[in-house]
Amino acid sequence: MSLRAITRQQWMTLFAAQAGYMLDAMDVLLFVFAVNVLRDEFHLSASEAGLVGSFTLFSSAIGGIAFGVIMDRYGRAKSLVWSILIYSLASAGTALSWNLASLLFWRAMVGVGLGAEWAAGAVLVAETWPAEHRAKAVGIMQSGWALGYLLAAAVTGFVLPRWGWKALFLTGVLPALFAAVLRKSLKEPEIWKERAAKKAAPISRIFQGELRSRTVLGTLLASVVLFAYWGLFTWIPGFLSATPERGGAGLSIVKTSAFVVPMQLGAFLGYVAFGWLSDKIGRRPAFMLYVLGAAIVTPIYGASRTESTLLALGPVIGFLGTGFFSMFGAMLSELYPTALRGTGLSFVYNVGRGVSSLAPFAVGFAADRYGIGAALGLNSAFFALGGLLIFTLPGTSKAELE
């Protein structure tokens, strides 16, 4: 089937999932761009600031696993809308924070929405698009994260210097309006409707038979590369804006936002290119090329201090360090039958995200001792390990969904 045969409803579903993930990324990453302002506001160490990021990721595992079960029972489209409402209201609630504990609470609620949204969007797209274009479609959906990163940078650069951090987080409520629009326009996939009339499968099924090894190995892979991603990209804006005494590049908030733009343009291309590359050489070899490249570039980036070098390496680290995530939505969807697809995909990815919640804290802990730039190099080993683990999972390229 050519792309010309894709229906209007399929395109609308794809772009709705992409936009939901874009707005999700914006709400999550507003904290990343405001981290040094919040450190000064609440007198936080780098470890404590990293702990906030870790709370967000840990709670995303809870939200993602819970919504995996919910979407298998009540629908993918409904779950997508509900997840957007959760993260947008929680992001606005961050503006009410008055100490570390309250900040942890609101960012944890943002995490619940984060975990739920990715899983709902990925399954919705995978079940709506044909097998031969599934990886490309999920890559486009995944590119919403890069667009959200850019949007967070733009909103921060405009709002934070003028009206402060409270106004910045209040902008996070805007995606709720998008959820209201989606509520009437999105349709459930036909394959889920056919299965919905039958009795829902228990979550224990993903640990039985051949699914057991897929669940365990998939979770291990997700944990490793998500640790590398969150350890790196949670701290890149902080690294760029931190003073040289803290091991940073010493850029202003506005310039930090500007430097993130080419990086996330690289990430956008990385997401989209992965679908086409994986069709040519296979998903596992493509994944390995991405993560091993990221393992090489990450310590070089963390050791750089000149603006020209950081600007040149930004798109490269964005492309290699994020684009490989396009594999997860397609490949994990193909590892599980329809009755368990939401549950299985959500469990694997979000337990991995929960484990990776240690990454922001770990990098922050290392940054307090060795500087932020040096701490970023910690993530290189996890990227490299992911390149080896990918070959423990079966190849499922273009498999028909059951």
# chains A, B, ... in the order shown; residues from 1 in each chain; ligands from 1
>>> residues_around(residues="Ile236 (chain A)", least_positions_apart="2", cutoff="9 Å", atoms="only C-alpha atoms", output="ChimeraX atom specification")
/A:32,231-234,238-241,260,302,372-373,376
>>> residues_around(residues="region 71-84 of chain A", least_positions_apart="5", cutoff="7 Å", atoms="only C-alpha atoms", output="ChimeraX atom specification")
/A:20,113,116-117,120-121,124,175-176,179,182-183,186-188,196,200,339-340,342-343
>>> residues_around(residues="Leu211 (chain A)", least_positions_apart="3", cutoff="12 Å", atoms="only C-alpha atoms", output="list in words")
Ile203, Ser204, Arg205, Ile206, Phe207, Gln208, Arg214, Thr215, Val216, Leu217, Gly218, Thr219, Leu332, Glu334, Leu335, Tyr336, Pro337, Leu340, Arg341, Thr343, Gly344, Leu345, Val348, Leu393 and Pro394 of chain A
>>> write_last_selection(atoms="N, CA and C atoms", output="short mmCIF file (atom, residue, chain, number, x, y, z; two decimals), in the first residue's frame")
data_model
loop_
_atom_site.label_atom_id
_atom_site.label_comp_id
_atom_site.auth_asym_id
_atom_site.auth_seq_id
_atom_site.Cartn_x
_atom_site.Cartn_y
_atom_site.Cartn_z
N ILE A 203 -3.36 -8.85 33.31
CA ILE A 203 -1.99 -8.37 33.11
C ILE A 203 -0.97 -9.50 33.27
N SER A 204 -1.31 -10.54 34.04
CA SER A 204 -0.37 -11.65 34.25
C SER A 204 -0.02 -12.37 32.96
N ARG A 205 -0.85 -12.22 31.92
CA ARG A 205 -0.60 -12.91 30.66
C ARG A 205 0.69 -12.46 29.99
N ILE A 206 1.15 -11.25 30.26
CA ILE A 206 2.38 -10.80 29.61
C ILE A 206 3.61 -11.46 30.22
N PHE A 207 3.41 -12.26 31.28
CA PHE A 207 4.51 -12.99 31.91
C PHE A 207 4.36 -14.50 31.70
N GLN A 208 3.56 -14.87 30.71
CA GLN A 208 3.34 -16.28 30.43
C GLN A 208 3.82 -16.65 29.04
N ARG A 214 9.85 -11.73 26.19
CA ARG A 214 9.70 -10.46 25.49
C ARG A 214 9.49 -9.31 26.48
N THR A 215 8.69 -9.58 27.50
CA THR A 215 8.41 -8.55 28.50
C THR A 215 9.66 -8.22 29.30
N VAL A 216 10.38 -9.24 29.75
CA VAL A 216 11.57 -9.01 30.57
C VAL A 216 12.68 -8.33 29.78
N LEU A 217 12.97 -8.83 28.58
CA LEU A 217 14.06 -8.27 27.78
C LEU A 217 13.70 -6.88 27.26
N GLY A 218 12.43 -6.69 26.89
CA GLY A 218 12.00 -5.37 26.43
C GLY A 218 12.09 -4.34 27.54
N THR A 219 11.74 -4.74 28.76
CA THR A 219 11.82 -3.84 29.90
C THR A 219 13.27 -3.47 30.21
N LEU A 332 7.23 -2.77 19.89
CA LEU A 332 6.54 -3.30 21.07
C LEU A 332 5.08 -3.63 20.77
N GLU A 334 4.01 -4.84 18.05
CA GLU A 334 4.01 -6.09 17.30
C GLU A 334 4.38 -7.30 18.16
N LEU A 335 4.88 -7.07 19.35
CA LEU A 335 5.26 -8.17 20.24
C LEU A 335 4.08 -8.74 21.01
N TYR A 336 2.94 -8.00 21.04
CA TYR A 336 1.81 -8.42 21.86
C TYR A 336 0.53 -8.48 21.03
N PRO A 337 -0.39 -9.41 21.37
CA PRO A 337 -1.69 -9.47 20.70
C PRO A 337 -2.56 -8.30 21.13
N LEU A 340 -3.69 -7.61 24.72
CA LEU A 340 -2.66 -7.26 25.69
C LEU A 340 -1.74 -6.16 25.19
N ARG A 341 -2.06 -5.56 24.04
CA ARG A 341 -1.12 -4.62 23.44
C ARG A 341 -0.90 -3.39 24.31
N THR A 343 -1.51 -3.09 27.53
CA THR A 343 -0.91 -3.52 28.79
C THR A 343 0.57 -3.83 28.63
N GLY A 344 0.91 -4.63 27.60
CA GLY A 344 2.30 -5.03 27.40
C GLY A 344 3.21 -3.88 27.04
N LEU A 345 2.80 -3.09 26.05
CA LEU A 345 3.62 -1.95 25.64
C LEU A 345 3.80 -0.97 26.79
N VAL A 348 6.25 -2.48 29.59
CA VAL A 348 7.66 -2.50 29.18
C VAL A 348 8.25 -1.10 29.18
N LEU A 393 15.89 -9.15 21.44
CA LEU A 393 14.47 -9.18 21.10
C LEU A 393 14.29 -9.71 19.69
N PRO A 394 13.15 -10.37 19.42
CA PRO A 394 12.93 -10.90 18.07
C PRO A 394 12.69 -9.78 17.07
#
>>> closest_residue(among="A:Leu103, A:Phe347, A:Arg134, A:Glu127", to="Lys193 (chain A)", atoms="only C-alpha atoms")
A:Glu127
>>> residues_around(residues="Ala152 (chain A)", least_positions_apart="5", cutoff="7 Å", atoms="only C-alpha atoms", output="number ranges by chain")
A: 26, 29-30
>>> residues_around(residues="Val35 (chain A)", least_positions_apart="6", cutoff="10 Å", atoms="only C-alpha atoms", output="list of chain:residue names")
A:Leu29, A:Glu41, A:Leu44, A:Ala46, A:Ala49, A:Gly50, A:Val52, A:Gly53, A:Trp165, A:Thr234, A:Trp235, A:Pro237, A:Gly238, A:Ser241
>>> closest_residue(among="A:Ile6, A:Leu168, A:Met22, A:Leu292", to="Trp129 (chain A)", atoms="only C-alpha atoms")
A:Ile6
>>> residues_around(residues="Val159 (chain A)", least_positions_apart="3", cutoff="12 Å", atoms="only C-alpha atoms", output="NGL selection string")
:A and (30 or 33-34 or 151-156 or 162-172 or 253-254 or 257)
>>> residues_around(residues="Trp106 (chain A)", least_positions_apart="5", cutoff="10 Å", atoms="only C-alpha atoms", output="PyMOL selection string")
chain A and resi 52+55-56+87+89-97+101+111
>>> closest_residue(among="A:Glu194, A:Glu132, A:Asp40, A:Glu48", to="Thr338 (chain A)", atoms="only C-alpha atoms")
A:Glu194
>>> select_by_dssp(residues="region 348-384 of chain A", states="alpha helix (DSSP H)", output="ChimeraX atom specification")
/A:348-355,358-370,372-376,380-384
>>> write_last_selection(atoms="C-alpha atoms", output="CSV table (one decimal), in the first residue's frame")
chain,number,residue,atom,x,y,z
A,348,VAL,CA,7.7,-2.5,29.2
A,349,TYR,CA,8.1,1.1,28.3
A,350,ASN,CA,6.9,2.6,31.6
A,351,VAL,CA,8.7,0.3,33.9
A,352,GLY,CA,11.8,1.3,31.9
A,353,ARG,CA,10.9,4.9,32.4
A,354,GLY,CA,10.4,4.2,36.2
A,355,VAL,CA,13.9,2.7,36.4
A,358,LEU,CA,17.1,7.5,38.9
A,359,ALA,CA,19.0,9.1,36.0
A,360,PRO,CA,18.3,12.9,36.7
A,361,PHE,CA,19.2,12.3,40.4
A,362,ALA,CA,22.3,10.3,39.5
A,363,VAL,CA,23.6,12.9,37.1
A,364,GLY,CA,22.7,15.7,39.5
A,365,PHE,CA,24.6,13.8,42.3
A,366,ALA,CA,27.6,13.5,40.0
A,367,ALA,CA,27.3,17.2,39.0
A,368,ASP,CA,27.5,18.3,42.6
A,369,ARG,CA,30.9,16.6,42.7
A,370,TYR,CA,32.4,16.8,39.2
A,372,ILE,CA,27.4,19.1,35.1
A,373,GLY,CA,29.5,18.7,31.9
A,374,ALA,CA,31.5,15.8,33.2
A,375,ALA,CA,28.4,14.2,34.7
A,376,LEU,CA,26.7,14.0,31.3
A,380,SER,CA,27.4,7.1,27.4
A,381,ALA,CA,27.7,3.6,28.9
A,382,PHE,CA,23.9,3.1,28.9
A,383,PHE,CA,23.6,4.1,25.3
A,384,ALA,CA,26.3,1.5,24.4
>>> closest_residue(among="A:Thr243, A:Ser88, A:Ser333, A:Ser356", to="Val125 (chain A)", atoms="only C-alpha atoms")
A:Ser333
>>> decode(residues="region 316-361 of chain A", atoms="N, CA and C atoms", output="PDB file, in the first residue's frame")
ATOM      1  N   VAL A 316      23.552  16.884  16.105  1.00  0.00           N
ATOM      2  CA  VAL A 316      24.055  15.499  16.041  1.00  0.00           C
ATOM      3  C   VAL A 316      23.584  14.701  17.253  1.00  0.00           C
ATOM      4  N   ILE A 317      23.737  15.294  18.443  1.00  0.00           N
ATOM      5  CA  ILE A 317      23.326  14.583  19.651  1.00  0.00           C
ATOM      6  C   ILE A 317      21.806  14.477  19.730  1.00  0.00           C
ATOM      7  N   GLY A 318      21.107  15.462  19.165  1.00  0.00           N
ATOM      8  CA  GLY A 318      19.653  15.383  19.097  1.00  0.00           C
ATOM      9  C   GLY A 318      19.193  14.253  18.187  1.00  0.00           C
ATOM     10  N   PHE A 319      19.826  14.130  17.017  1.00  0.00           N
ATOM     11  CA  PHE A 319      19.485  13.094  16.039  1.00  0.00           C
ATOM     12  C   PHE A 319      19.743  11.704  16.611  1.00  0.00           C
ATOM     13  N   LEU A 320      20.958  11.488  17.119  1.00  0.00           N
ATOM     14  CA  LEU A 320      21.367  10.156  17.567  1.00  0.00           C
ATOM     15  C   LEU A 320      20.786   9.779  18.930  1.00  0.00           C
ATOM     16  N   GLY A 321      20.658  10.754  19.819  1.00  0.00           N
ATOM     17  CA  GLY A 321      20.260  10.471  21.195  1.00  0.00           C
ATOM     18  C   GLY A 321      18.769  10.354  21.417  1.00  0.00           C
ATOM     19  N   THR A 322      17.970  10.630  20.385  1.00  0.00           N
ATOM     20  CA  THR A 322      16.515  10.553  20.553  1.00  0.00           C
ATOM     21  C   THR A 322      15.808   9.789  19.445  1.00  0.00           C
ATOM     22  N   GLY A 323      16.325   9.835  18.222  1.00  0.00           N
ATOM     23  CA  GLY A 323      15.611   9.278  17.079  1.00  0.00           C
ATOM     24  C   GLY A 323      15.274   7.809  17.198  1.00  0.00           C
ATOM     25  N   PHE A 324      16.075   7.050  17.929  1.00  0.00           N
ATOM     26  CA  PHE A 324      15.854   5.604  18.040  1.00  0.00           C
ATOM     27  C   PHE A 324      14.570   5.244  18.775  1.00  0.00           C
ATOM     28  N   PHE A 325      13.981   6.188  19.520  1.00  0.00           N
ATOM     29  CA  PHE A 325      12.743   5.887  20.229  1.00  0.00           C
ATOM     30  C   PHE A 325      11.583   5.584  19.290  1.00  0.00           C
ATOM     31  N   SER A 326      11.720   5.946  18.019  1.00  0.00           N
ATOM     32  CA  SER A 326      10.680   5.621  17.044  1.00  0.00           C
ATOM     33  C   SER A 326      10.466   4.119  16.932  1.00  0.00           C
ATOM     34  N   MET A 327      11.465   3.333  17.286  1.00  0.00           N
ATOM     35  CA  MET A 327      11.345   1.881  17.205  1.00  0.00           C
ATOM     36  C   MET A 327      10.360   1.325  18.216  1.00  0.00           C
ATOM     37  N   PHE A 328      10.305   1.920  19.409  1.00  0.00           N
ATOM     38  CA  PHE A 328       9.569   1.308  20.501  1.00  0.00           C
ATOM     39  C   PHE A 328       8.076   1.166  20.224  1.00  0.00           C
ATOM     40  N   GLY A 329       7.437   2.219  19.752  1.00  0.00           N
ATOM     41  CA  GLY A 329       5.998   2.142  19.526  1.00  0.00           C
ATOM     42  C   GLY A 329       5.618   1.068  18.534  1.00  0.00           C
ATOM     43  N   ALA A 330       6.363   0.968  17.432  1.00  0.00           N
ATOM     44  CA  ALA A 330       6.055  -0.032  16.412  1.00  0.00           C
ATOM     45  C   ALA A 330       6.436  -1.431  16.857  1.00  0.00           C
ATOM     46  N   MET A 331       7.663  -1.605  17.319  1.00  0.00           N
ATOM     47  CA  MET A 331       8.165  -2.944  17.644  1.00  0.00           C
ATOM     48  C   MET A 331       7.441  -3.554  18.844  1.00  0.00           C
ATOM     49  N   LEU A 332       7.226  -2.772  19.892  1.00  0.00           N
ATOM     50  CA  LEU A 332       6.544  -3.302  21.068  1.00  0.00           C
ATOM     51  C   LEU A 332       5.085  -3.627  20.766  1.00  0.00           C
ATOM     52  N   SER A 333       4.457  -2.850  19.877  1.00  0.00           N
ATOM     53  CA  SER A 333       3.081  -3.149  19.495  1.00  0.00           C
ATOM     54  C   SER A 333       2.987  -4.490  18.797  1.00  0.00           C
ATOM     55  N   GLU A 334       4.012  -4.838  18.049  1.00  0.00           N
ATOM     56  CA  GLU A 334       4.013  -6.094  17.301  1.00  0.00           C
ATOM     57  C   GLU A 334       4.376  -7.302  18.158  1.00  0.00           C
ATOM     58  N   LEU A 335       4.883  -7.067  19.354  1.00  0.00           N
ATOM     59  CA  LEU A 335       5.264  -8.169  20.236  1.00  0.00           C
ATOM     60  C   LEU A 335       4.080  -8.741  21.014  1.00  0.00           C
ATOM     61  N   TYR A 336       2.943  -7.999  21.043  1.00  0.00           N
ATOM     62  CA  TYR A 336       1.807  -8.418  21.861  1.00  0.00           C
ATOM     63  C   TYR A 336       0.526  -8.482  21.032  1.00  0.00           C
ATOM     64  N   PRO A 337      -0.387  -9.414  21.368  1.00  0.00           N
ATOM     65  CA  PRO A 337      -1.687  -9.471  20.697  1.00  0.00           C
ATOM     66  C   PRO A 337      -2.563  -8.296  21.127  1.00  0.00           C
ATOM     67  N   THR A 338      -3.635  -8.043  20.382  1.00  0.00           N
ATOM     68  CA  THR A 338      -4.497  -6.876  20.630  1.00  0.00           C
ATOM     69  C   THR A 338      -5.014  -6.816  22.063  1.00  0.00           C
ATOM     70  N   ALA A 339      -5.402  -7.963  22.610  1.00  0.00           N
ATOM     71  CA  ALA A 339      -5.974  -7.988  23.961  1.00  0.00           C
ATOM     72  C   ALA A 339      -4.994  -7.528  25.029  1.00  0.00           C
ATOM     73  N   LEU A 340      -3.690  -7.610  24.716  1.00  0.00           N
ATOM     74  CA  LEU A 340      -2.656  -7.264  25.693  1.00  0.00           C
ATOM     75  C   LEU A 340      -1.739  -6.156  25.186  1.00  0.00           C
ATOM     76  N   ARG A 341      -2.059  -5.559  24.043  1.00  0.00           N
ATOM     77  CA  ARG A 341      -1.123  -4.616  23.436  1.00  0.00           C
ATOM     78  C   ARG A 341      -0.902  -3.391  24.311  1.00  0.00           C
ATOM     79  N   GLY A 342      -1.966  -2.778  24.781  1.00  0.00           N
ATOM     80  CA  GLY A 342      -1.810  -1.609  25.638  1.00  0.00           C
ATOM     81  C   GLY A 342      -1.111  -1.955  26.937  1.00  0.00           C
ATOM     82  N   THR A 343      -1.510  -3.089  27.532  1.00  0.00           N
ATOM     83  CA  THR A 343      -0.909  -3.524  28.794  1.00  0.00           C
ATOM     84  C   THR A 343       0.570  -3.829  28.627  1.00  0.00           C
ATOM     85  N   GLY A 344       0.908  -4.626  27.598  1.00  0.00           N
ATOM     86  CA  GLY A 344       2.297  -5.033  27.396  1.00  0.00           C
ATOM     87  C   GLY A 344       3.206  -3.881  27.041  1.00  0.00           C
ATOM     88  N   LEU A 345       2.799  -3.090  26.051  1.00  0.00           N
ATOM     89  CA  LEU A 345       3.620  -1.947  25.636  1.00  0.00           C
ATOM     90  C   LEU A 345       3.803  -0.970  26.788  1.00  0.00           C
ATOM     91  N   SER A 346       2.728  -0.688  27.518  1.00  0.00           N
ATOM     92  CA  SER A 346       2.801   0.274  28.625  1.00  0.00           C
ATOM     93  C   SER A 346       3.686  -0.248  29.745  1.00  0.00           C
ATOM     94  N   PHE A 347       3.579  -1.537  30.039  1.00  0.00           N
ATOM     95  CA  PHE A 347       4.395  -2.097  31.120  1.00  0.00           C
ATOM     96  C   PHE A 347       5.874  -1.995  30.773  1.00  0.00           C
ATOM     97  N   VAL A 348       6.247  -2.481  29.590  1.00  0.00           N
ATOM     98  CA  VAL A 348       7.657  -2.501  29.184  1.00  0.00           C
ATOM     99  C   VAL A 348       8.246  -1.098  29.176  1.00  0.00           C
ATOM    100  N   TYR A 349       7.587  -0.187  28.487  1.00  0.00           N
ATOM    101  CA  TYR A 349       8.146   1.144  28.316  1.00  0.00           C
ATOM    102  C   TYR A 349       8.141   1.932  29.624  1.00  0.00           C
ATOM    103  N   ASN A 350       7.074   1.798  30.379  1.00  0.00           N
ATOM    104  CA  ASN A 350       6.941   2.645  31.566  1.00  0.00           C
ATOM    105  C   ASN A 350       7.658   2.104  32.789  1.00  0.00           C
ATOM    106  N   VAL A 351       7.840   0.787  32.885  1.00  0.00           N
ATOM    107  CA  VAL A 351       8.736   0.292  33.926  1.00  0.00           C
ATOM    108  C   VAL A 351      10.152   0.766  33.621  1.00  0.00           C
ATOM    109  N   GLY A 352      10.511   0.728  32.312  1.00  0.00           N
ATOM    110  CA  GLY A 352      11.808   1.272  31.912  1.00  0.00           C
ATOM    111  C   GLY A 352      11.941   2.737  32.284  1.00  0.00           C
ATOM    112  N   ARG A 353      10.867   3.483  32.088  1.00  0.00           N
ATOM    113  CA  ARG A 353      10.889   4.893  32.447  1.00  0.00           C
ATOM    114  C   ARG A 353      10.989   5.068  33.956  1.00  0.00           C
ATOM    115  N   GLY A 354      10.328   4.179  34.704  1.00  0.00           N
ATOM    116  CA  GLY A 354      10.425   4.246  36.157  1.00  0.00           C
ATOM    117  C   GLY A 354      11.847   4.004  36.639  1.00  0.00           C
ATOM    118  N   VAL A 355      12.507   3.002  36.060  1.00  0.00           N
ATOM    119  CA  VAL A 355      13.911   2.745  36.405  1.00  0.00           C
ATOM    120  C   VAL A 355      14.772   3.945  36.037  1.00  0.00           C
ATOM    121  N   SER A 356      14.473   4.547  34.889  1.00  0.00           N
ATOM    122  CA  SER A 356      15.264   5.692  34.430  1.00  0.00           C
ATOM    123  C   SER A 356      15.047   6.927  35.284  1.00  0.00           C
ATOM    124  N   SER A 357      14.052   6.871  36.192  1.00  0.00           N
ATOM    125  CA  SER A 357      13.825   8.018  37.083  1.00  0.00           C
ATOM    126  C   SER A 357      15.033   8.277  37.971  1.00  0.00           C
ATOM    127  N   LEU A 358      15.897   7.275  38.091  1.00  0.00           N
ATOM    128  CA  LEU A 358      17.126   7.463  38.861  1.00  0.00           C
ATOM    129  C   LEU A 358      18.127   8.348  38.126  1.00  0.00           C
ATOM    130  N   ALA A 359      17.978   8.465  36.800  1.00  0.00           N
ATOM    131  CA  ALA A 359      18.983   9.150  35.994  1.00  0.00           C
ATOM    132  C   ALA A 359      19.154  10.634  36.330  1.00  0.00           C
ATOM    133  N   PRO A 360      18.063  11.446  36.384  1.00  0.00           N
ATOM    134  CA  PRO A 360      18.273  12.856  36.720  1.00  0.00           C
ATOM    135  C   PRO A 360      18.957  13.057  38.067  1.00  0.00           C
ATOM    136  N   PHE A 361      18.560  12.229  39.046  1.00  0.00           N
ATOM    137  CA  PHE A 361      19.194  12.325  40.367  1.00  0.00           C
ATOM    138  C   PHE A 361      20.657  11.902  40.298  1.00  0.00           C
TER     139      PHE A 361
END
